[in-house]
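*Asks:* File work-v3.cif below, mmCIF, C-alpha atoms:
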```
data_upload
#
loop_
_atom_site.group_PDB
_atom_site.id
_atom_site.type_symbol
_atom_site.label_atom_id
_atom_site.label_comp_id
_atom_site.auth_asym_id
_atom_site.auth_seq_id
_atom_site.Cartn_x
_atom_site.Cartn_y
_atom_site.Cartn_z
ATOM 1 C CA ARG A 1 -11.598 18.908 12.584
ATOM 2 C CA PHE A 2 -10.051 15.467 12.783
ATOM 3 C CA GLN A 3 -9.903 13.552 16.050
ATOM 4 C CA PHE A 4 -6.873 11.340 16.693
ATOM 5 C CA GLU A 5 -6.009 8.803 19.346
ATOM 6 C CA ILE A 6 -2.775 6.956 20.147
ATOM 7 C CA CYS A 7 -2.975 3.155 19.803
ATOM 8 C CA SER A 8 -0.490 0.376 20.455
ATOM 9 C CA THR A 9 0.916 -1.618 17.552
ATOM 10 C CA GLU A 10 -1.083 -4.726 18.443
ATOM 11 C CA VAL A 11 -4.361 -2.773 18.587
ATOM 12 C CA VAL A 12 -3.709 -1.087 15.226
ATOM 13 C CA LEU A 13 -2.867 -4.410 13.540
ATOM 14 C CA PHE A 14 -5.823 -6.201 15.144
ATOM 15 C CA GLN A 15 -8.143 -3.506 13.839
ATOM 16 C CA SER A 16 -6.576 -3.654 10.377
ATOM 17 C CA TRP A 17 -6.186 -7.445 10.005
ATOM 18 C CA ILE A 18 -9.055 -8.888 12.055
ATOM 19 C CA LEU A 19 -11.670 -6.114 12.225
ATOM 20 C CA LYS A 20 -10.727 -4.867 8.744
ATOM 21 C CA THR A 21 -11.386 -1.230 9.677
ATOM 22 C CA GLU A 22 -9.607 -0.226 6.466
ATOM 23 C CA GLY A 23 -11.892 -2.467 4.424
ATOM 24 C CA GLN A 24 -11.733 -5.956 2.931
ATOM 25 C CA ALA A 25 -9.878 -4.612 -0.103
ATOM 26 C CA ALA A 26 -6.895 -3.577 2.017
ATOM 27 C CA ALA A 27 -6.758 -6.992 3.667
ATOM 28 C CA ASP A 28 -6.989 -8.809 0.327
ATOM 29 C CA GLY A 29 -4.392 -6.474 -1.163
ATOM 30 C CA LEU A 30 -1.734 -7.611 1.314
ATOM 31 C CA PHE A 31 -2.338 -11.240 0.387
ATOM 32 C CA PHE A 32 -2.155 -10.691 -3.374
ATOM 33 C CA GLU A 33 0.895 -8.432 -3.157
ATOM 34 C CA ALA A 34 2.726 -11.238 -1.356
ATOM 35 C CA ALA A 35 1.532 -13.713 -4.010
ATOM 36 C CA ILE A 36 2.905 -11.518 -6.818
ATOM 37 C CA ALA A 37 6.282 -11.276 -5.092
ATOM 38 C CA CYS A 38 6.548 -15.023 -4.440
ATOM 39 C CA HIS A 39 5.723 -15.885 -8.061
ATOM 40 C CA ALA A 40 8.061 -13.248 -9.541
ATOM 41 C CA LEU A 41 11.006 -14.374 -7.406
ATOM 42 C CA GLN A 42 10.658 -17.986 -8.481
ATOM 43 C CA HIS A 43 9.467 -17.803 -12.075
ATOM 44 C CA GLU A 44 10.014 -14.386 -13.691
ATOM 45 C CA SER A 45 12.941 -12.352 -15.000
ATOM 46 C CA CYS A 46 13.488 -8.676 -14.202
ATOM 47 C CA TYR A 47 11.247 -6.561 -16.431
ATOM 48 C CA ASN A 48 14.025 -4.033 -17.027
ATOM 49 C CA CYS A 49 17.252 -6.002 -17.602
ATOM 50 C CA LYS A 50 15.645 -9.414 -18.363
ATOM 51 C CA CYS A 51 18.011 -11.235 -16.001
ATOM 52 C CA ARG A 52 16.636 -14.295 -14.213
ATOM 53 C CA GLN A 53 16.969 -15.141 -10.525
ATOM 54 C CA THR A 54 17.911 -11.528 -9.711
ATOM 55 C CA LEU A 55 14.654 -10.320 -8.144
ATOM 56 C CA ARG A 56 14.526 -10.085 -4.355
ATOM 57 C CA TRP A 57 11.643 -9.484 -1.959
ATOM 58 C CA ASN A 58 12.329 -6.241 -0.148
ATOM 59 C CA GLY A 59 8.960 -5.614 1.500
ATOM 60 C CA GLY A 60 8.310 -4.134 4.913
ATOM 61 C CA SER A 61 7.933 -0.732 6.539
ATOM 62 C CA GLY A 62 11.628 0.047 6.079
ATOM 63 C CA SER A 63 11.611 -0.439 2.309
ATOM 64 C CA ALA A 64 8.874 1.798 0.950
ATOM 65 C CA TRP A 65 8.581 1.996 -2.841
ATOM 66 C CA GLN A 66 10.714 -1.114 -3.345
ATOM 67 C CA ASP A 67 8.657 -4.232 -2.629
ATOM 68 C CA LEU A 68 10.853 -5.960 -5.200
ATOM 69 C CA ILE A 69 14.368 -5.007 -6.261
ATOM 70 C CA CYS A 70 16.647 -6.383 -8.974
ATOM 71 C CA THR A 71 20.164 -7.137 -7.736
ATOM 72 C CA MET A 72 21.572 -6.722 -11.258
ATOM 73 C CA CYS A 73 20.175 -3.412 -12.590
ATOM 74 C CA LYS A 74 18.933 -2.064 -9.205
ATOM 75 C CA SER A 75 15.433 -1.397 -10.568
ATOM 76 C CA THR A 76 12.727 -1.162 -7.894
ATOM 77 C CA PHE A 77 9.140 -2.377 -8.122
ATOM 78 C CA GLU A 78 6.238 -1.054 -6.028
ATOM 79 C CA VAL A 79 3.393 -3.609 -6.001
ATOM 80 C CA LYS A 80 -0.306 -2.687 -5.783
ATOM 81 C CA THR A 81 -3.628 -4.406 -6.494
ATOM 82 C CA LYS A 82 -7.063 -3.248 -7.642
ATOM 83 C CA ALA A 83 -10.483 -4.892 -7.425
ATOM 84 C CA ASN A 84 -10.723 -5.780 -11.138
ATOM 85 C CA MET A 85 -9.088 -5.263 -14.523
ATOM 86 C CA MET A 86 -11.337 -2.304 -15.349
ATOM 87 C CA LYS A 87 -9.921 -0.353 -12.401
ATOM 88 C CA VAL A 88 -6.374 -1.321 -13.343
ATOM 89 C CA GLU A 89 -6.891 -0.088 -16.893
ATOM 90 C CA SER A 90 -8.481 3.183 -15.758
ATOM 91 C CA ASN A 91 -5.489 3.980 -13.543
ATOM 92 C CA PHE A 92 -2.984 3.186 -16.280
ATOM 93 C CA ASP A 93 -4.769 4.352 -19.435
ATOM 94 C CA TYR A 94 -7.231 7.053 -18.373
ATOM 95 C CA TYR A 95 -5.834 8.735 -15.279
ATOM 96 C CA ARG A 96 -2.203 7.709 -15.896
ATOM 97 C CA SER A 97 -1.783 8.048 -12.127
ATOM 98 C CA ILE A 98 -2.551 6.384 -8.806
ATOM 99 C CA PRO A 99 -2.456 7.397 -5.119
ATOM 100 C CA GLY A 100 0.831 6.214 -3.639
ATOM 101 C CA GLY A 101 2.781 5.862 -0.406
ATOM 102 C CA SER A 102 5.034 8.098 1.663
ATOM 103 C CA PHE A 103 6.381 11.221 -0.029
ATOM 104 C CA THR A 104 9.264 11.424 2.451
ATOM 105 C CA GLU A 105 10.315 7.858 1.607
ATOM 106 C CA TRP A 106 10.043 8.615 -2.109
ATOM 107 C CA CYS A 107 12.374 11.608 -1.736
ATOM 108 C CA ARG A 108 14.780 9.476 0.307
ATOM 109 C CA LEU A 109 14.786 6.836 -2.456
ATOM 110 C CA ILE A 110 15.421 9.474 -5.128
ATOM 111 C CA ASN A 111 18.161 11.231 -3.176
ATOM 112 C CA ASN A 112 19.994 8.046 -2.145
ATOM 113 C CA GLY A 113 19.487 5.976 -5.285
ATOM 114 C CA GLU A 114 21.716 5.590 -8.307
ATOM 115 C CA ARG A 115 21.410 8.161 -11.065
ATOM 116 C CA ASN A 116 19.837 5.942 -13.744
ATOM 117 C CA GLN A 117 17.939 3.630 -11.396
ATOM 118 C CA LYS A 118 14.500 2.840 -12.836
ATOM 119 C CA LYS A 119 11.406 2.666 -10.650
ATOM 120 C CA PHE A 120 8.321 0.724 -11.668
ATOM 121 C CA LEU A 121 4.776 0.369 -10.426
ATOM 122 C CA VAL A 122 3.249 -3.111 -10.695
ATOM 123 C CA MET A 123 -0.521 -3.532 -10.581
ATOM 124 C CA MET A 124 -2.776 -6.575 -10.684
ATOM 125 C CA PRO A 125 -6.557 -7.185 -10.481
ATOM 126 C CA ARG A 126 -7.698 -9.248 -7.494
ATOM 127 C CA THR A 127 -10.540 -10.669 -9.607
ATOM 128 C CA PRO A 128 -9.204 -13.354 -11.982
ATOM 129 C CA ALA A 129 -9.688 -13.396 -15.751
ATOM 130 C CA LEU A 130 -9.704 -16.257 -18.283
ATOM 131 C CA ASN A 131 -6.843 -16.696 -20.733
ATOM 132 C CA ARG A 132 -7.117 -18.385 -24.137
ATOM 133 C CA GLN A 133 -6.751 -21.806 -22.521
ATOM 134 C CA LEU A 134 -9.705 -20.928 -20.254
ATOM 135 C CA GLN A 135 -7.422 -20.903 -17.218
ATOM 136 C CA LYS A 136 -8.042 -18.449 -14.421
ATOM 137 C CA ILE A 137 -5.167 -15.961 -14.173
ATOM 138 C CA HIS A 138 -4.413 -12.517 -12.758
ATOM 139 C CA PRO A 139 -2.742 -10.422 -15.516
ATOM 140 C CA VAL A 140 0.089 -8.431 -13.902
ATOM 141 C CA GLN A 141 0.601 -5.015 -15.490
ATOM 142 C CA ILE A 142 3.620 -2.732 -15.129
ATOM 143 C CA ALA A 143 4.611 0.859 -15.915
ATOM 144 C CA GLU A 144 7.668 2.948 -15.220
ATOM 145 C CA ILE A 145 7.036 5.755 -12.726
ATOM 146 C CA ASP A 146 7.263 9.090 -14.530
ATOM 147 C CA TYR A 147 7.171 11.466 -11.555
ATOM 148 C CA VAL A 148 5.611 11.850 -8.108
ATOM 149 C CA LEU A 149 3.924 14.787 -6.361
ATOM 150 C CA PRO A 150 2.972 15.168 -2.668
ATOM 151 C CA ARG A 151 -0.609 14.635 -1.480
ATOM 152 C CA ILE A 152 -2.179 15.490 1.888
ATOM 153 C CA GLN A 153 -4.464 13.137 3.817
ATOM 154 C CA PRO A 154 -6.008 13.085 7.335
ATOM 155 C CA ARG A 155 -2.825 11.929 9.083
ATOM 156 C CA THR A 156 -0.975 14.936 7.622
ATOM 157 C CA PHE A 157 -2.680 16.993 10.340
ATOM 158 C CA ASN A 158 -1.704 14.699 13.211
ATOM 159 C CA PRO A 159 0.336 16.785 15.710
ATOM 160 C CA ASN A 160 1.831 13.684 17.382
ATOM 161 C CA TYR A 161 4.133 12.926 14.471
ATOM 162 C CA SER A 162 7.645 14.360 14.548
ATOM 163 C CA HIS A 163 7.262 15.579 10.968
ATOM 164 C CA VAL A 164 4.524 16.112 8.408
ATOM 165 C CA ARG A 165 3.284 12.833 6.906
ATOM 166 C CA LEU A 166 2.533 13.283 3.202
ATOM 167 C CA SER A 167 1.295 10.690 0.761
ATOM 168 C CA THR A 168 1.836 10.877 -2.987
ATOM 169 C CA HIS A 169 0.209 11.015 -6.357
ATOM 170 C CA VAL A 170 2.155 8.771 -8.746
ATOM 171 C CA PHE A 171 2.187 9.605 -12.465
ATOM 172 C CA LEU A 172 2.987 6.755 -14.835
ATOM 173 C CA LYS A 173 4.389 6.129 -18.270
ATOM 174 C CA LYS A 174 2.778 3.714 -20.727
ATOM 175 C CA ARG A 175 1.822 0.348 -19.262
ATOM 176 C CA ALA A 176 2.773 -3.115 -20.466
ATOM 177 C CA LYS A 177 2.033 -6.672 -19.438
ATOM 178 C CA TRP A 178 4.686 -8.354 -17.298
ATOM 179 C CA PHE A 179 3.328 -11.855 -16.588
ATOM 180 C CA ASP A 180 0.233 -13.848 -15.617
ATOM 181 C CA LEU A 181 -0.177 -14.927 -12.012
ATOM 182 C CA PRO A 182 -2.031 -18.287 -11.865
ATOM 183 C CA SER A 183 -5.191 -18.037 -9.792
ATOM 184 C CA PRO A 184 -5.353 -20.367 -6.759
ATOM 185 C CA GLY A 185 -7.447 -23.406 -7.587
ATOM 186 C CA GLU A 186 -9.276 -23.290 -4.272
ATOM 187 C CA LYS A 187 -10.501 -20.558 -1.991
ATOM 188 C CA ILE A 188 -7.926 -19.530 0.595
ATOM 189 C CA ASP A 189 -9.137 -18.439 4.015
ATOM 190 C CA ARG A 190 -7.167 -15.229 4.481
ATOM 191 C CA ASP A 191 -8.791 -14.607 7.865
ATOM 192 C CA ASP A 192 -7.051 -17.709 9.218
ATOM 193 C CA ILE A 193 -3.737 -16.478 7.805
ATOM 194 C CA ALA A 194 -4.201 -13.084 9.491
ATOM 195 C CA LYS A 195 -5.019 -14.750 12.803
ATOM 196 C CA GLU A 196 -2.014 -17.087 12.608
ATOM 197 C CA VAL A 197 0.430 -14.268 11.809
ATOM 198 C CA PHE A 198 -0.994 -12.046 14.567
ATOM 199 C CA ILE A 199 -0.671 -14.801 17.190
ATOM 200 C CA LYS A 200 2.912 -15.578 16.125
ATOM 201 C CA ARG A 201 3.845 -11.939 16.579
ATOM 202 C CA PHE A 202 1.899 -11.000 19.710
ATOM 203 C CA GLN A 203 1.019 -14.356 21.396
ATOM 204 C CA LYS A 204 -2.410 -15.968 21.730
ATOM 205 C CA ASP A 205 -3.202 -14.261 25.050
ATOM 206 C CA CYS A 206 -3.026 -10.885 23.323
ATOM 207 C CA TYR A 207 -5.280 -12.111 20.487
ATOM 208 C CA ASP A 208 -7.842 -13.549 22.918
ATOM 209 C CA SER A 209 -7.885 -10.365 24.970
ATOM 210 C CA LEU A 210 -8.528 -8.129 21.954
ATOM 211 C CA TYR A 211 -11.037 -10.575 20.477
ATOM 212 C CA ASN A 212 -13.039 -10.511 23.703
ATOM 213 C CA LEU A 213 -12.815 -6.725 23.813
ATOM 214 C CA TYR A 214 -14.287 -6.257 20.343
ATOM 215 C CA PHE A 215 -16.468 -9.335 19.829
ATOM 216 C CA GLY A 216 -17.434 -10.403 23.342
ATOM 217 C CA ASN A 217 -16.510 -13.687 25.016
ATOM 218 C CA SER A 218 -18.240 -16.463 23.132
ATOM 219 C CA ASN A 219 -21.990 -15.966 22.801
ATOM 220 C CA GLU A 220 -23.125 -15.593 19.216
ATOM 221 C CA GLU A 221 -25.415 -12.640 19.935
ATOM 222 C CA SER A 222 -23.646 -10.497 17.389
ATOM 223 C CA LYS A 223 -20.955 -11.097 14.793
ATOM 224 C CA ALA A 224 -20.394 -7.371 14.301
ATOM 225 C CA PRO A 225 -17.511 -5.923 16.306
ATOM 226 C CA ARG A 226 -18.395 -3.409 19.005
ATOM 227 C CA THR A 227 -16.019 -0.596 18.126
ATOM 228 C CA GLU A 228 -15.939 3.153 17.979
ATOM 229 C CA TYR A 229 -16.184 2.904 14.180
ATOM 230 C CA ALA A 230 -19.861 1.933 14.101
ATOM 231 C CA GLY A 231 -21.914 4.445 12.141
ATOM 232 C CA LYS A 232 -18.913 6.472 10.989
ATOM 233 C CA SER A 233 -18.039 7.298 7.418
ATOM 234 C CA SER A 234 -14.933 5.876 5.727
ATOM 235 C CA GLU A 235 -13.239 9.275 6.062
ATOM 236 C CA GLU A 236 -13.885 9.314 9.796
ATOM 237 C CA LYS A 237 -12.539 5.765 10.111
ATOM 238 C CA THR A 238 -9.382 6.764 8.269
ATOM 239 C CA ALA A 239 -8.918 9.737 10.547
ATOM 240 C CA ALA A 240 -9.541 7.656 13.684
ATOM 241 C CA ASN A 241 -6.905 5.143 12.621
ATOM 242 C CA SER A 242 -4.214 7.754 12.120
ATOM 243 C CA GLY A 243 -3.286 8.115 15.815
ATOM 244 C CA GLY A 244 -2.920 11.287 17.873
ATOM 245 C CA LEU A 245 -4.944 14.213 19.209
ATOM 246 C CA ARG A 246 -6.952 16.907 17.439
ATOM 247 C CA VAL A 247 -5.388 19.542 15.229
ATOM 248 C CA GLU A 248 -4.900 22.839 17.043
ATOM 249 C CA ALA A 249 -3.761 25.164 14.260
ATOM 250 C CA GLU A 250 -2.859 24.863 10.603
ATOM 251 C CA GLU A 251 0.188 27.107 11.151
ATOM 252 C CA THR A 252 1.967 24.145 12.764
ATOM 253 C CA VAL A 253 1.493 22.045 9.628
ATOM 254 C CA ILE A 254 2.666 24.889 7.386
ATOM 255 C CA GLU A 255 5.837 25.322 9.448
ATOM 256 C CA GLN A 256 6.593 21.597 9.179
ATOM 257 C CA PHE A 257 6.050 21.683 5.417
ATOM 258 C CA ARG A 258 8.777 24.316 5.147
ATOM 259 C CA ALA A 259 11.104 22.239 7.325
ATOM 260 C CA LEU A 260 11.014 19.166 5.064
ATOM 261 C CA GLU A 261 14.505 18.311 3.874
ATOM 262 C CA VAL A 262 13.893 17.022 0.356
ATOM 263 C CA ALA A 263 15.508 17.750 -2.973
ATOM 264 C CA PRO A 264 12.839 17.674 -5.705
ATOM 265 C CA ASP A 265 14.829 20.081 -7.872
ATOM 266 C CA ASP A 266 12.619 19.817 -10.949
ATOM 267 C CA TRP A 267 9.088 20.353 -9.612
ATOM 268 C CA GLU A 268 8.454 23.328 -11.879
ATOM 269 C CA ASP A 269 9.467 21.338 -14.936
ATOM 270 C CA LEU A 270 7.282 18.414 -13.860
ATOM 271 C CA LEU A 271 4.254 20.636 -13.399
ATOM 272 C CA SER A 272 4.685 22.290 -16.776
ATOM 273 C CA ASP A 273 5.059 18.895 -18.488
ATOM 274 C CA SER A 274 1.775 17.671 -17.002
ATOM 275 C CA ASP A 275 -0.368 20.505 -18.456
#
```
So that I can check it, write out the structure of this file as structure tokens.
*Replies:*
Amino acid sequence: RFQFEICSTEVVLFQSWILKTEGQAAADGLFFEAAIACHALQHESCYNCKCRQTLRWNGGSGSAWQDLICTMCKSTFEVKTKANMMKVESNFDYYRSIPGGSFTEWCRLINNGERNQKKFLVMMPRTPALNRQLQKIHPVQIAEIDYVLPRIQPRTFNPNYSHVRLSTHVFLKKRAKWFDLPSPGEKIDRDDIAKEVFIKRFQKDCYDSLYNLYFGNSNEESKAPRTEYAGKSSEEKTAANSGGLRVEAEETVIEQFRALEVAPDDWEDLLSDSD
């Protein structure tokens, strides 16, 4: 059984950004996803319609599946990163799929979007490679999303949510290269960026209070945070971060599955095509 607890927004973000309870990869991913968006907006044309200066940053919790959007052809771009190029290639070429975001938001995008609106997944390795000029770059790959299926995870069983939270499994068409993102010439301290953003949002008093709670006041006796995550597996950490109480009965989840108001009217066809 999973155990859930309710946390405030500032505690959840402090754990994610400063304690990195979701791992260093998640923290680095946020930084590189922002870097991809900034570069594409200023220097690249839309992959679909080839128009320049039409891409817009559309990130945030209210714009799932459309980190970037083209104002001309309305194509959407979901941005993700992987540790290295080998992992990028395995997702595109071997598995032809990748774990994705909210299934509810995907259905909302499908149901409210234009009929021929194209949806792309953009992926980039966080480890740089060398091009022919021996410059360090991050090769940005892209593929059109073929179809999406729902996927359960620990937070699916959280009874505190008003509806069932499902993630997705994203199936992709053939990949292509979009552009090269120049690698920063010097190491960037992303911990300082996380601290600065947190303080701007929640004030320094809040940061100091949480820092003292997890790390102690000032003595250097231990750099490791004193949290409830010590000694737990990654699955247990994921479950602990999902918020809520423990699951009482699976019948509740089944009832909420049936109550989902989505219109995936071609699931059977999608499943038969994937065999």
*Asks:* Applied to this file, what does the PyMOL selection byres ((chain A and resi 189-191) around 9) return in terms of residues, put as a PyMOL selection string?
*Replies:* chain A and resi 17-18+27-28+31+187-188+192-196
*Asks:* List as a PyMOL selection string the residues having at least one atom at most 12 Å from position (15.2, -2.7, -2.5) as given in the file, counting all atoms listed in the file.
*Replies:* chain A and resi 54-78+109+112-113+117-120
*Asks:* Given the PyMOL selection byres ((chain A and resi 173) around 7) and the file above, list the residues it selects as a list of chain:residue names.
*Replies:* A:Ala143, A:Glu144, A:Ile145, A:Asp146, A:Leu172, A:Lys174, A:Arg175
*Asks:* Care to translate the PyMOL selection byres ((chain A and resi 86-90) around 12) into actual residues of this file, as a PyMOL selection string?
*Replies:* chain A and resi 80-85+91-98+121-129+138-143+174-177
*Asks:* For the atom pair CA of Ser8 (chain A) and CA of Arg201 (chain A), what is the interatomic distance in Å to one decimal place?
*Replies:* 13.6 Å
*Asks:* How would region 33-43 of chain A of the given structure read as a file with all heavy atoms, as an mmCIF file, in the first residue's frame?
*Replies:*
```cif
data_model
loop_
_atom_site.group_PDB
_atom_site.id
_atom_site.type_symbol
_atom_site.label_atom_id
_atom_site.label_comp_id
_atom_site.auth_asym_id
_atom_site.auth_seq_id
_atom_site.Cartn_x
_atom_site.Cartn_y
_atom_site.Cartn_z
ATOM 1 N N GLU A 33 15.273 22.152 -20.543
ATOM 2 C CA GLU A 33 14.034 22.397 -21.278
ATOM 3 C C GLU A 33 13.827 23.892 -21.510
ATOM 4 O O GLU A 33 13.394 24.318 -22.584
ATOM 5 C CB GLU A 33 12.857 21.795 -20.512
ATOM 6 C CG GLU A 33 12.816 20.273 -20.579
ATOM 7 C CD GLU A 33 11.812 19.666 -19.618
ATOM 8 O OE1 GLU A 33 10.928 20.410 -19.138
ATOM 9 O OE2 GLU A 33 11.904 18.460 -19.349
ATOM 10 N N ALA A 34 14.159 24.697 -20.493
ATOM 11 C CA ALA A 34 14.065 26.150 -20.656
ATOM 12 C C ALA A 34 15.082 26.646 -21.683
ATOM 13 O O ALA A 34 14.788 27.552 -22.475
ATOM 14 C CB ALA A 34 14.283 26.838 -19.304
ATOM 15 N N ALA A 35 16.276 26.043 -21.685
ATOM 16 C CA ALA A 35 17.315 26.447 -22.642
ATOM 17 C C ALA A 35 16.890 26.145 -24.077
ATOM 18 O O ALA A 35 17.109 26.950 -24.993
ATOM 19 C CB ALA A 35 18.625 25.730 -22.318
ATOM 20 N N ILE A 36 16.273 24.980 -24.292
ATOM 21 C CA ILE A 36 15.773 24.635 -25.629
ATOM 22 C C ILE A 36 14.751 25.662 -26.099
ATOM 23 O O ILE A 36 14.803 26.152 -27.234
ATOM 24 C CB ILE A 36 15.142 23.228 -25.618
ATOM 25 C CG1 ILE A 36 16.215 22.164 -25.399
ATOM 26 C CG2 ILE A 36 14.399 22.963 -26.928
ATOM 27 C CD1 ILE A 36 15.639 20.770 -25.210
ATOM 28 N N ALA A 37 13.809 25.999 -25.220
ATOM 29 C CA ALA A 37 12.756 26.946 -25.582
ATOM 30 C C ALA A 37 13.324 28.317 -25.919
ATOM 31 O O ALA A 37 12.939 28.927 -26.925
ATOM 32 C CB ALA A 37 11.743 27.050 -24.438
ATOM 33 N N CYS A 38 14.244 28.812 -25.095
ATOM 34 C CA CYS A 38 14.833 30.135 -25.344
ATOM 35 C C CYS A 38 15.551 30.177 -26.691
ATOM 36 O O CYS A 38 15.411 31.133 -27.459
ATOM 37 C CB CYS A 38 15.797 30.492 -24.213
ATOM 38 S SG CYS A 38 15.000 30.884 -22.651
ATOM 39 N N HIS A 39 16.328 29.139 -26.990
ATOM 40 C CA HIS A 39 17.062 29.104 -28.260
ATOM 41 C C HIS A 39 16.104 29.015 -29.444
ATOM 42 O O HIS A 39 16.260 29.738 -30.441
ATOM 43 C CB HIS A 39 18.019 27.910 -28.268
ATOM 44 C CG HIS A 39 18.773 27.770 -29.555
ATOM 45 N ND1 HIS A 39 19.991 28.385 -29.784
ATOM 46 C CD2 HIS A 39 18.471 27.092 -30.704
ATOM 47 C CE1 HIS A 39 20.410 28.095 -31.003
ATOM 48 N NE2 HIS A 39 19.506 27.316 -31.579
ATOM 49 N N ALA A 40 15.093 28.142 -29.350
ATOM 50 C CA ALA A 40 14.161 27.951 -30.466
ATOM 51 C C ALA A 40 13.396 29.233 -30.774
ATOM 52 O O ALA A 40 13.206 29.588 -31.949
ATOM 53 C CB ALA A 40 13.190 26.819 -30.141
ATOM 54 N N LEU A 41 12.973 29.949 -29.740
ATOM 55 C CA LEU A 41 12.217 31.183 -29.943
ATOM 56 C C LEU A 41 13.028 32.231 -30.697
ATOM 57 O O LEU A 41 12.512 32.958 -31.545
ATOM 58 C CB LEU A 41 11.769 31.755 -28.599
ATOM 59 C CG LEU A 41 10.342 31.431 -28.149
ATOM 60 C CD1 LEU A 41 10.155 29.923 -27.985
ATOM 61 C CD2 LEU A 41 10.020 32.132 -26.842
ATOM 62 N N GLN A 42 14.318 32.283 -30.413
ATOM 63 C CA GLN A 42 15.152 33.344 -30.965
ATOM 64 C C GLN A 42 15.815 32.982 -32.288
ATOM 65 O O GLN A 42 16.096 33.872 -33.095
ATOM 66 C CB GLN A 42 16.228 33.722 -29.948
ATOM 67 C CG GLN A 42 15.672 34.276 -28.638
ATOM 68 C CD GLN A 42 16.777 34.618 -27.654
ATOM 69 O OE1 GLN A 42 17.739 35.303 -27.990
ATOM 70 N NE2 GLN A 42 16.645 34.127 -26.434
ATOM 71 N N HIS A 43 16.071 31.684 -32.503
ATOM 72 C CA HIS A 43 16.940 31.329 -33.631
ATOM 73 C C HIS A 43 16.362 30.308 -34.611
ATOM 74 O O HIS A 43 16.936 30.126 -35.688
ATOM 75 C CB HIS A 43 18.272 30.780 -33.101
ATOM 76 C CG HIS A 43 18.997 31.702 -32.186
ATOM 77 N ND1 HIS A 43 19.603 32.866 -32.619
ATOM 78 C CD2 HIS A 43 19.191 31.650 -30.840
ATOM 79 C CE1 HIS A 43 20.168 33.486 -31.589
ATOM 80 N NE2 HIS A 43 19.924 32.773 -30.496
#
```
